[in-house]
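Shown next: entry.cif, containing mmCIF, C-alpha atoms.
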```
data_structure
loop_
_atom_site.label_atom_id
_atom_site.label_comp_id
_atom_site.auth_asym_id
_atom_site.auth_seq_id
_atom_site.Cartn_x
_atom_site.Cartn_y
_atom_site.Cartn_z
CA ILE A 1 0.00 0.00 0.00
CA ARG A 2 1.38 3.35 -1.06
CA VAL A 3 0.58 6.44 1.00
CA PHE A 4 0.88 9.85 -0.61
CA LYS A 5 0.29 13.51 0.15
CA THR A 6 -2.85 14.84 -1.50
CA SER A 7 -5.38 17.65 -1.37
CA ILE A 8 -8.37 17.76 0.98
CA PRO A 9 -11.44 16.26 -0.72
CA GLU A 10 -13.97 19.04 -1.34
CA ASP A 11 -16.86 16.93 -0.03
CA SER A 12 -15.18 16.15 3.30
CA PHE A 13 -16.94 17.37 6.46
CA ILE A 14 -13.60 18.72 7.68
CA CYS A 15 -13.94 21.53 5.13
CA ASN A 16 -16.46 23.04 7.59
CA TYR A 17 -13.48 23.95 9.81
CA LEU A 18 -11.54 25.81 7.12
CA PRO A 19 -9.72 28.12 6.91
CA ALA A 20 -7.01 26.83 9.22
CA ASP A 21 -3.48 27.84 10.14
CA TYR A 22 -2.14 24.46 9.01
CA THR A 23 -3.59 21.74 6.77
CA ASP A 24 -2.42 18.48 5.30
CA ALA A 25 -3.94 15.37 3.79
CA PHE A 26 -2.52 11.93 3.11
CA ALA A 27 -4.21 9.08 1.28
CA GLY A 28 -3.72 5.41 0.64
CA ILE A 29 -5.55 3.06 -1.70
CA ALA A 30 -6.58 -0.33 -0.33
CA LYS A 31 -8.95 -3.18 -1.03
CA GLY A 32 -11.33 -4.54 1.53
CA GLU A 33 -14.75 -4.25 3.08
CA ASN A 34 -13.15 -4.16 6.53
CA ILE A 35 -11.89 -0.59 6.03
CA THR A 36 -14.23 2.00 7.56
CA ALA A 37 -13.64 5.55 8.75
CA LYS A 38 -14.55 4.70 12.34
CA LYS A 39 -12.34 1.58 12.50
CA LEU A 40 -9.40 3.45 11.01
CA GLN A 41 -9.80 6.45 13.36
CA ILE A 42 -10.04 4.15 16.39
CA ALA A 43 -6.97 2.19 15.26
CA PHE A 44 -5.00 5.43 14.89
CA TRP A 45 -5.58 6.40 18.51
CA THR A 46 -5.72 3.07 20.34
CA ASP A 47 -3.26 0.79 18.52
CA MET A 48 0.00 2.73 18.27
CA PRO A 49 3.45 1.22 17.76
CA SER A 50 5.76 1.50 20.76
CA TRP A 51 7.99 4.13 19.11
CA ILE A 52 4.99 6.46 18.69
CA LYS A 53 3.88 5.81 22.28
CA LYS A 54 7.39 6.84 23.37
CA LEU A 55 7.18 10.06 21.33
CA PHE A 56 3.81 10.89 22.95
CA ALA A 57 5.25 10.14 26.41
CA LEU A 58 8.15 12.52 25.68
CA ARG A 59 5.69 15.13 24.42
CA ASN A 60 3.66 14.83 27.64
CA VAL A 61 6.76 15.41 29.80
CA LEU A 62 7.88 18.40 27.74
CA VAL A 63 4.51 20.22 27.64
CA LYS A 64 3.39 19.63 31.22
CA PRO A 65 5.30 22.69 32.58
CA PHE A 66 3.36 24.88 30.11
CA GLY A 67 0.01 23.71 31.47
CA LEU A 68 -0.98 21.84 28.32
CA LYS A 69 -3.21 18.79 28.52
CA THR A 70 -1.48 15.43 28.52
CA ASP A 71 -2.66 11.98 27.56
CA LYS A 72 -4.27 10.19 30.48
CA GLY A 73 -3.31 6.84 28.91
CA ASP A 74 -6.73 5.19 29.23
CA THR A 75 -7.18 3.69 25.75
CA ASP A 76 -10.39 1.92 26.83
CA LYS A 77 -12.08 5.25 27.63
CA LEU A 78 -10.72 6.79 24.44
CA ARG A 79 -11.98 3.82 22.40
CA GLU A 80 -15.42 4.16 24.04
CA CYS A 81 -15.49 7.88 23.18
CA LEU A 82 -14.61 7.19 19.55
CA GLU A 83 -17.02 4.27 19.21
CA ASN A 84 -20.01 6.01 20.82
CA GLY A 85 -19.32 9.70 20.18
CA GLY A 86 -18.79 12.25 22.91
CA SER A 87 -15.62 13.45 24.62
CA TYR A 88 -12.73 12.09 26.63
CA ASN A 89 -9.84 14.17 27.96
CA MET A 90 -8.94 16.52 25.07
CA THR A 91 -10.65 14.45 22.34
CA SER A 92 -14.18 15.03 21.01
CA VAL A 93 -16.00 13.39 18.13
CA VAL A 94 -17.46 16.20 16.02
CA THR A 95 -18.69 14.23 12.98
CA ASP A 96 -19.39 10.54 12.60
CA SER A 97 -20.93 9.39 9.32
CA GLU A 98 -20.69 6.26 7.21
CA ASN A 99 -17.67 7.56 5.27
CA GLU A 100 -16.04 10.02 7.66
CA MET A 101 -15.15 10.54 11.28
CA VAL A 102 -13.80 13.91 12.42
CA ILE A 103 -12.36 14.41 15.88
CA CYS A 104 -11.12 17.56 17.57
CA LEU A 105 -8.23 17.73 20.02
CA THR A 106 -8.76 20.86 22.11
CA ASP A 107 -6.35 22.67 24.39
CA LYS A 108 -5.61 26.26 25.35
CA HIS A 109 -2.88 26.64 22.70
CA LEU A 110 -4.63 25.10 19.66
CA ASN A 111 -7.47 23.04 18.24
CA ALA A 112 -6.48 20.20 15.93
CA TYR A 113 -9.06 18.45 13.78
CA MET A 114 -8.32 15.02 12.35
CA SER A 115 -10.57 13.42 9.77
CA VAL A 116 -10.53 9.89 8.47
CA TYR A 117 -12.47 9.95 5.22
CA ILE A 118 -13.15 6.90 3.05
CA LYS A 119 -13.96 7.28 -0.63
CA ASN A 120 -15.13 4.19 -2.51
CA ASP A 121 -13.22 4.24 -5.81
CA SER A 122 -14.77 0.99 -7.03
CA GLU A 123 -16.71 -1.93 -5.62
CA ASP A 124 -13.64 -3.41 -3.91
CA GLU A 125 -11.17 -0.51 -3.81
CA LYS A 126 -11.21 2.36 -1.32
CA GLN A 127 -9.20 5.51 -0.90
CA ALA A 128 -8.54 6.30 2.75
CA PHE A 129 -7.67 9.90 3.64
CA VAL A 130 -6.26 11.22 6.89
CA ILE A 131 -6.72 14.98 7.01
CA THR A 132 -5.39 17.36 9.66
CA LEU A 133 -6.36 20.98 10.29
CA VAL A 134 -4.85 23.10 13.06
CA HIS A 135 -6.13 26.41 14.48
CA PHE A 136 -3.60 28.22 16.69
CA HIS A 137 -4.93 30.19 19.66
CA ASN A 138 -1.70 31.95 20.65
CA TRP A 139 2.08 32.02 20.35
CA LEU A 140 2.35 28.81 22.37
CA GLY A 141 0.32 26.99 19.73
CA ARG A 142 2.56 28.22 16.93
CA THR A 143 5.71 27.36 18.88
CA TYR A 144 4.41 23.94 19.89
CA PHE A 145 3.43 23.03 16.34
CA PHE A 146 6.76 24.30 14.97
CA PHE A 147 8.43 21.48 16.91
CA ILE A 148 5.69 18.88 16.30
CA ARG A 149 5.27 19.45 12.56
CA PRO A 150 8.31 17.44 11.35
CA PHE A 151 7.12 14.39 13.28
CA HIS A 152 3.46 14.81 12.35
CA GLY A 153 3.82 13.95 8.65
CA ILE A 154 6.08 10.98 9.33
CA ILE A 155 3.73 9.56 11.96
CA VAL A 156 0.56 10.02 9.90
CA ARG A 157 2.08 8.41 6.79
CA LYS A 158 3.48 5.42 8.69
CA MET A 159 0.32 4.93 10.73
CA LEU A 160 -1.97 5.13 7.69
CA LYS A 161 0.12 2.60 5.77
CA SER A 162 0.37 0.26 8.76
CA LYS A 163 -3.34 0.39 9.63
CA LEU A 164 -4.47 -0.12 6.03
CA GLU A 165 -2.14 -3.09 5.63
CA LYS A 166 -3.43 -4.61 8.85
CA MET A 167 -7.08 -4.09 7.89
CA CYS A 168 -6.48 -5.66 4.46
CA ARG A 169 -4.81 -8.72 6.07
CA ASN A 170 -7.72 -9.17 8.50
CA MET A 171 -10.37 -9.47 5.79
#
```

Just give me the structure of the file as structure tokens.
Amino acid sequence: IRVFKTSIPEDSFICNYLPADYTDAFAGIAKGENITAKKLQIAFWTDMPSWIKKLFALRNVLVKPFGLKTDKGDTDKLRECLENGGSYNMTSVVTDSENEMVICLTDKHLNAYMSVYIKNDSEDEKQAFVITLVHFHNWLGRTYFFFIRPFHGIIVRKMLKSKLEKMCRNM
């Protein structure tokens, strides 16, 4: 499965949150009925490789002195939030449809929206998009994202490829 940078689909619900200070979109093409927006969004946040968990742990240590929210580490509660809608810690489900799930990560320095959008290219082939929008609230948001941005693209690409491959294997 090849993952590539792309533009934001015009019919995505995440367009409701434009304009934004930062945007990106990545897509991968995969085959399988098992691939849904909700399953892919849940997998992104509850089934992370250990190296990404370590990066998030480092992030939590570094931002705590600035009063930013940190991950509480309860993946069961986060999974429940994503499966049923609602909020947990800094995460809220803002849109949940058959082909798209948009979540918002809210803190005092920024709001980050992440969409998983599935477009059916053919009967058995799907295009899976992961779209990120960020709205900065203050200088801390801009500074924070300056340091996060190089890791963001790498993590999203690797996670999208990994999750799509896993979902295709589990058909």

Polymer residues at most 12 Å from Lys69 (chain A), only C-alpha atoms, same-chain spacing of 6 or more positions, as a PyMOL selection string: chain A and resi 56+59-63+88-91+105-111

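The coordinates place CA of Met101 (chain A) at 12.7 Å from CA of Trp45 (chain A).
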
query: Using the chain letters and numbers from the file, which residues does the PyMOL selection byres ((chain A and resi 9) around 10) grab, as a VMD selection string?
result: chain A and resid 6 to 8 10 to 15 25 117 119 129 131

task: May I have the residues within 8 Å of Ala37 (chain A) as a list in words, using all atoms listed in the file and disregarding those fewer than 5 positions away in the same chain?
output: Glu98, Asn99, Glu100, Met101, Val116, Tyr117, Ile118 and Ala128 of chain A

- request: Starting from the displayed file, determine the output of the PyMOL selection byres ((chain A and resi 81-87) around 12) and express the residue list as a ChimeraX atom specification.
  value: /A:37-46,74-80,88-97,101-106

query: A:Gln127, A:Asp121, A:Asn34, A:His137: which is nearest Val3 (chain A), counting all atoms listed in the file?
result: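 For Val3 (chain A), the nearest of the given residues is A:Gln127.
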
task: Pull out every residue that the PyMOL selection byres ((chain A and resi 28) around 8) matches in the shown coordinates and put them as a list in words.
output: Ile1, Arg2, Val3, Phe4, Phe26, Ala27, Ile29, Ala30, Gln127, Ala128, Phe129, Leu160, Lys161 and Leu164 of chain A

d(CA of Lys31 (chain A), CA of Ser115 (chain A)) in Å: 19.9 Å

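Interatomic distance, CA of Ile148 (chain A) to CA of Lys166 (chain A): 26.3 Å.
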